[in-house]
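Here is the structure we will look at, set down as structure tokens.
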Amino acid sequence: MLKRIENKVLSGGRLTAADALRLFESDDLFTVGRLADAVARKKNGKKAYFIRNRHVNPTNICVNRCRFCAFSRSKGQEGAFELTIREIIEKLGGRQKGRQHTALHGISEVHIVGGLHPDWPFDYYLEMIATIKKQFPKLHIKAFTAVEIDYLAKISGLDLYSTLVALKAEGLDSMPGGGAEIFSPEIRERLCPEKISGERWLEVMEIAHKAGIKTNATMLYGHVENYRHRIDHIMRLRRLQDKTGGFQAFIPLAYHPRNTEMQGGYTSGIDDLRTIAISRLMLDNFDHIKAYWIMLGEKISQLALRFGADDIDGTIIEEKITHSAGGLTGEQMTVDQLVNLIRKAGRIPVERDSFYKKLRVYS
Amino acid sequence: MTRSKKIERLGNRQALSLLKKADILELGQSADERRKTLHPEGVVTFVIDRNVNYTNVCVNQCTFCAFWRSGDAPDAYILDDATLFSKIEETLGLGGTQILLQGGLHPDLDLDYYTRLLQSIKRRFDINIHGFSPPEICYIADSSDITIREALQILHNAGLDSIPGGGAEILSDRVREILSPKKIKSSRWLEVMEAAHGLGMRTTATMMFGSIETPEDIITHLAAVRDLQDRTGGFTAFIPWSFQPGNTEIGKKGAKAKGKGSGGKGQNRQLQTVSSAATAVEYLRVLALSRMYLDNIPNIQASWVTQGLKLAQVALRFGANDFGSTMIEENVVASTGVSYRVSQDDIVNGIKSAGFRPAQRDTCYNILKYF
């Protein structure tokens, strides 16, 4: 059934949207998995990556009301929070070593995403980045989704490029891939009507890549979309990546239904694995496919390392967004746990930096 | 791996080699094909039941268990009739057909207690009593000074319908000596099952892996189950599940044989520690191999209670064809801090979204209702 696709993949050919649909509709989970595994091994050998990272959410106050989100609050609403820059620095922690701080837990990256705050000025964000950089010069700052960047451009009155350059000048090192959801306008209308369009998301990313900022890309699946919407999403990412080469990793995100306006059910473990595998097969120009354990669960993430993923994310330490929506995992994993999961999947654990440079191989 | 249509019985050496070395995707695919051959209709079954634990007092005090208490512990209990009956009523109200009646080995309970317990349930309710795993049967027999067969006959007459396969852990006395030195040896576990099958009672078989056993021990276990099944045909299903280290003696980091009333005085117990549960890949490997090896057992259960719903769904493509029970109440695994709780709707929807047709079954795997 999948022979033709198999031959194409093994000879290094590029799959079409029609191929992707056949893969999604195929019951042959193992052929799909094995092909993706073969492609992942061609790209990354037997390595599987993790990172010592920490998430920080500066605020959950957001002017958007995405229907799949259980994290956002209005100003003054119960549970709304705003971190000061000092509080952010304290979360990153640290012993004073000479005149420099070392980030807590030996993390090498901080991942910062938050709500679109109605009052914070652009300067607040610049100062946040600058202060973190000053306190922790070695810490990689991966911050602000395309949605936040668009919003920052709006409040700063600058164009996208100048906004990004300004942030970069203060110490922004790379950008996460959130806010992509599903690009299709008909799905966005139902999912997140106030959020920037798929086109705008891609535009922000294109400009970020032009500004020399590497980014990730995500896809939130398992809500009201169908396979065609997922494929359209993946194809648009592939086209932009052909143009810029600025994406580092693709991260399919499994929808979580709890406490959201949309509700519905969790995705199935089989759908998760299939989506990881098909992403690996379709996105031949992405170096990395990440099985984000917070959203897939550590068990499916581990298995995903044999279905095309080569990255399992990191220690994370504190996670609020998925956990607001009924995340079933803990909020952190230790390096020992990550190494154990990767090893038991038959892969070689590699601790990476934010640009996938090897920091340590656990052979 | 041969792909021939004819199903050849796996030898022990071959099975060991698969367990140790097979690529997980290839092993999974073979098990999936085997499952499809045995259950081509694409139905995944489950039973609606409730675990009723009549007492948590147990003289065995196994190192991997977080449920047991000593008799004088403040939270030691014996379930009273009123509570028991209301639990059963609730179960029937939810469409349940079975209770899983299990408990600790309580030193003060005698045969009369158990027969009265069974009779009092059967007098009031039309429900299948799936109860008393082999360690309990042996304890009941020993404390009344009767044979296993006699004990089973008396309990069966009093209303015991079928026997759960718990307490098997790993059927290797080397492992049992370390994990559960006071628990019955492998041969007695098998003896209970053989006697039960001889009396026409169906049973399941379990295996708890991922503690301190070797791959060889797993094969020993599977071989013992398959051999017995060749003789009796009494096993309905095999249920592999992974050891959960939370709150257990053996799961404690750097655990020394600790006080907790354990009577290991002077015994130089070799206490290894296991700090993390088997990973998903290890679970699926054992599950898939079980499907391949146990060619004479019709059903393999996925354990959502230890693996979570998502991995249980994946398990349906790695050899499993049954989702176990809805477990309206579960206490033993929950006491290790692992508490995947799911509703009947979650199970039905979970089976559907994994690509199968959900069906409620009874204890003997007769289908009662499709969803």
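Residues are referred to by chain and number: the chain letter is A, B, ... according to the order shown in the structure tokens, the number counts from 1 in that chain, and ligands are numbered separately from 1 in the order shown.
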Any chance you could tabulate, as a tab-separated table, the residues of chain A at most 8 Å from chain B with each one's nearest atom pair and distance in Å to one decimal, using only C-alpha atoms, in chain and rising number order?
residue	atom	partner	partner_atom	distance
A:Phe30	CA	B:Gln29	CA	6.1
A:Gly33	CA	B:Leu25	CA	7.6
A:Arg34	CA	B:Leu25	CA	6.9
A:Thr267	CA	B:Ser353	CA	7.8
A:Ser268	CA	B:Lys310	CA	5.7
A:Gly269	CA	B:Lys310	CA	4.3
A:Ile270	CA	B:Val314	CA	5.5
A:Asp271	CA	B:Ala354	CA	7.6
A:Lys299	CA	B:Ala280	CA	5.0
A:Ile300	CA	B:Leu311	CA	6.5
A:Gln302	CA	B:Ala280	CA	6.9
A:Leu303	CA	B:Val281	CA	6.1
A:Arg306	CA	B:Leu25	CA	7.8
A:Leu341	CA	B:Thr279	CA	6.6
A:Lys344	CA	B:Val281	CA	6.8
A:Ala345	CA	B:Val281	CA	6.0
Based on DSSP run over this structure's backbone, return all residues of region 108-197 of chain B in helix (DSSP H, G or I), as a compact mmCIF listing (two decimals) with N, CA and C atoms, in the first residue's frame.
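That gives us out08.txt:
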# COMPACT_ATOMS: atom_id res chain seq x y z
N LEU B 111 -11.47 -19.20 57.46
CA LEU B 111 -12.27 -19.68 56.33
C LEU B 111 -13.73 -19.24 56.44
N ASP B 112 -14.24 -19.25 57.67
CA ASP B 112 -15.63 -18.82 57.88
C ASP B 112 -15.86 -17.39 57.40
N TYR B 113 -14.88 -16.55 57.69
CA TYR B 113 -15.01 -15.15 57.25
C TYR B 113 -15.18 -15.09 55.73
N TYR B 114 -14.34 -15.84 55.03
CA TYR B 114 -14.36 -15.75 53.56
C TYR B 114 -15.63 -16.36 52.98
N THR B 115 -16.06 -17.51 53.51
CA THR B 115 -17.27 -18.13 52.96
C THR B 115 -18.49 -17.25 53.28
N ARG B 116 -18.51 -16.70 54.48
CA ARG B 116 -19.62 -15.82 54.84
C ARG B 116 -19.63 -14.58 53.94
N LEU B 117 -18.44 -14.06 53.69
CA LEU B 117 -18.29 -12.89 52.82
C LEU B 117 -18.89 -13.18 51.43
N LEU B 118 -18.47 -14.32 50.86
CA LEU B 118 -18.94 -14.68 49.52
C LEU B 118 -20.45 -14.91 49.51
N GLN B 119 -20.91 -15.67 50.50
CA GLN B 119 -22.35 -15.99 50.55
C GLN B 119 -23.19 -14.73 50.74
N SER B 120 -22.72 -13.86 51.59
CA SER B 120 -23.50 -12.64 51.86
C SER B 120 -23.62 -11.79 50.60
N ILE B 121 -22.59 -11.82 49.77
CA ILE B 121 -22.66 -11.06 48.50
C ILE B 121 -23.62 -11.75 47.54
N LYS B 122 -23.41 -13.06 47.38
CA LYS B 122 -24.21 -13.80 46.39
C LYS B 122 -25.70 -13.81 46.75
N ARG B 123 -26.01 -13.83 48.06
CA ARG B 123 -27.42 -13.80 48.48
C ARG B 123 -28.11 -12.52 48.02
N ARG B 124 -27.34 -11.45 48.01
CA ARG B 124 -27.95 -10.15 47.72
C ARG B 124 -27.82 -9.70 46.27
N PRO B 134 -3.92 -16.22 44.14
CA PRO B 134 -3.31 -17.42 44.74
C PRO B 134 -2.68 -17.23 46.12
N PRO B 135 -1.99 -16.13 46.42
CA PRO B 135 -1.45 -16.02 47.79
C PRO B 135 -2.57 -16.06 48.83
N GLU B 136 -3.72 -15.47 48.52
CA GLU B 136 -4.83 -15.50 49.47
C GLU B 136 -5.41 -16.92 49.58
N ILE B 137 -5.56 -17.58 48.45
CA ILE B 137 -6.08 -18.96 48.47
C ILE B 137 -5.17 -19.84 49.33
N CYS B 138 -3.88 -19.73 49.14
CA CYS B 138 -2.94 -20.54 49.92
C CYS B 138 -3.03 -20.21 51.40
N TYR B 139 -3.15 -18.92 51.69
CA TYR B 139 -3.21 -18.49 53.08
C TYR B 139 -4.47 -19.04 53.74
N ILE B 140 -5.57 -18.98 53.01
CA ILE B 140 -6.84 -19.50 53.54
C ILE B 140 -6.73 -21.01 53.76
N ALA B 141 -6.15 -21.71 52.79
CA ALA B 141 -6.00 -23.16 52.91
C ALA B 141 -5.09 -23.51 54.09
N ASP B 142 -3.96 -22.84 54.15
CA ASP B 142 -2.98 -23.15 55.21
C ASP B 142 -3.54 -22.87 56.60
N SER B 143 -4.24 -21.73 56.72
CA SER B 143 -4.69 -21.39 58.06
C SER B 143 -5.85 -22.28 58.51
N SER B 144 -6.48 -22.98 57.55
CA SER B 144 -7.54 -23.92 57.94
C SER B 144 -7.05 -25.35 57.87
N ILE B 148 -5.25 -26.95 48.98
CA ILE B 148 -5.62 -25.86 48.08
C ILE B 148 -6.92 -26.21 47.35
N ARG B 149 -6.97 -27.46 46.89
CA ARG B 149 -8.16 -27.88 46.15
C ARG B 149 -9.41 -27.83 47.02
N GLU B 150 -9.24 -28.27 48.26
CA GLU B 150 -10.39 -28.23 49.19
C GLU B 150 -10.83 -26.78 49.44
N ALA B 151 -9.85 -25.93 49.65
CA ALA B 151 -10.18 -24.51 49.91
C ALA B 151 -10.91 -23.92 48.71
N LEU B 152 -10.40 -24.19 47.52
CA LEU B 152 -11.03 -23.67 46.32
C LEU B 152 -12.46 -24.18 46.17
N GLN B 153 -12.65 -25.48 46.46
CA GLN B 153 -13.97 -26.07 46.32
C GLN B 153 -14.96 -25.40 47.29
N ILE B 154 -14.51 -25.18 48.51
CA ILE B 154 -15.38 -24.54 49.51
C ILE B 154 -15.72 -23.11 49.09
N LEU B 155 -14.71 -22.38 48.65
CA LEU B 155 -14.93 -20.98 48.24
C LEU B 155 -15.80 -20.92 46.98
N HIS B 156 -15.56 -21.84 46.08
CA HIS B 156 -16.34 -21.90 44.84
C HIS B 156 -17.81 -22.17 45.19
N ASN B 157 -18.03 -23.13 46.08
CA ASN B 157 -19.40 -23.43 46.50
C ASN B 157 -20.05 -22.22 47.18
N ALA B 158 -19.24 -21.43 47.88
CA ALA B 158 -19.77 -20.27 48.60
C ALA B 158 -20.05 -19.10 47.66
N ASP B 173 11.69 -18.20 41.55
CA ASP B 173 11.90 -18.14 43.00
C ASP B 173 13.12 -17.31 43.38
N ARG B 174 14.06 -17.20 42.47
CA ARG B 174 15.21 -16.34 42.73
C ARG B 174 14.74 -14.90 42.95
N VAL B 175 13.85 -14.43 42.08
CA VAL B 175 13.33 -13.07 42.19
C VAL B 175 12.40 -12.94 43.40
N ARG B 176 11.56 -13.94 43.59
CA ARG B 176 10.59 -13.88 44.70
C ARG B 176 11.29 -13.82 46.04
N GLU B 177 12.43 -14.49 46.13
CA GLU B 177 13.19 -14.50 47.38
C GLU B 177 13.58 -13.07 47.77
N ILE B 178 13.83 -12.25 46.78
CA ILE B 178 14.24 -10.87 47.05
C ILE B 178 13.03 -9.96 47.20
N LEU B 179 12.08 -10.10 46.28
CA LEU B 179 10.94 -9.19 46.23
C LEU B 179 9.91 -9.46 47.31
N SER B 186 6.65 -19.91 43.32
CA SER B 186 6.07 -20.07 41.98
C SER B 186 5.22 -21.32 41.87
N SER B 187 5.75 -22.43 42.38
CA SER B 187 5.06 -23.70 42.18
C SER B 187 3.67 -23.67 42.82
N ARG B 188 3.55 -22.97 43.95
CA ARG B 188 2.24 -22.92 44.61
C ARG B 188 1.28 -22.02 43.85
N TRP B 189 1.80 -20.95 43.28
CA TRP B 189 0.94 -20.08 42.46
C TRP B 189 0.34 -20.91 41.32
N LEU B 190 1.22 -21.66 40.69
CA LEU B 190 0.77 -22.48 39.55
C LEU B 190 -0.17 -23.58 40.01
N GLU B 191 0.10 -24.11 41.20
CA GLU B 191 -0.74 -25.18 41.75
C GLU B 191 -2.17 -24.67 41.98
N VAL B 192 -2.28 -23.47 42.52
CA VAL B 192 -3.61 -22.89 42.74
C VAL B 192 -4.34 -22.75 41.41
N MET B 193 -3.65 -22.23 40.42
CA MET B 193 -4.28 -22.01 39.13
C MET B 193 -4.71 -23.34 38.49
N GLU B 194 -3.84 -24.32 38.61
CA GLU B 194 -4.17 -25.61 38.01
C GLU B 194 -5.40 -26.22 38.70
N ALA B 195 -5.43 -26.12 40.03
CA ALA B 195 -6.56 -26.67 40.78
C ALA B 195 -7.85 -25.91 40.43
N ALA B 196 -7.74 -24.59 40.34
CA ALA B 196 -8.92 -23.78 39.99
C ALA B 196 -9.44 -24.17 38.61
N HIS B 197 -8.55 -24.28 37.67
CA HIS B 197 -8.95 -24.68 36.31
C HIS B 197 -9.61 -26.05 36.36
| task | Please identify all polymer residues within 8 Å of Glu194 (chain A), counting only C-alpha atoms, omitting same-chain residues fewer than 6 positions from it, and present them as a ChimeraX atom specification. | result | /A:64-66
| said: Nearest residue to Gly104 (chain B) out of B:Leu84, B:Ile7, B:Ala66, B:Val57, using only C-alpha atoms? | reply: B:Val57
| query | Any idea what's packed within 9 Å of region 239-249 of chain A, counting only C-alpha atoms, ignoring anything in its chain fewer than 6 positions away? Could you give it as number ranges by chain? | reply | A: 177, 202, 205-206, 208-210, 212-218, 283, 285-290, 311, 355-356
With C-alpha atoms retained, write the just-selected residues as a compact mmCIF listing (two decimals), in the first residue's frame.
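Below you can see again-v7.txt, which holds the result:
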# COMPACT_ATOMS: atom_id res chain seq x y z
CA GLY A 177 7.58 28.30 17.67
CA LEU A 202 4.70 33.06 8.79
CA MET A 205 9.02 34.15 11.20
CA GLU A 206 10.35 35.05 7.78
CA ALA A 208 12.96 36.93 12.17
CA HIS A 209 14.99 34.58 10.04
CA LYS A 210 16.08 37.55 7.91
CA GLY A 212 19.33 36.34 11.89
CA ILE A 213 17.07 34.92 14.58
CA LYS A 214 16.56 31.17 14.50
CA THR A 215 13.12 29.95 15.50
CA ASN A 216 11.10 26.82 16.01
CA ALA A 217 7.70 26.00 14.54
CA THR A 218 4.75 24.27 16.18
CA LEU A 283 9.55 18.18 6.66
CA ASN A 285 14.19 20.45 5.29
CA PHE A 286 13.87 20.54 9.08
CA ASP A 287 16.83 19.12 10.96
CA HIS A 288 14.88 18.30 14.10
CA ILE A 289 11.48 16.99 15.16
CA LYS A 290 10.77 17.49 18.82
CA ASP A 311 14.60 15.71 20.55
CA PHE A 355 21.55 25.62 18.46
CA TYR A 356 21.90 21.85 18.74
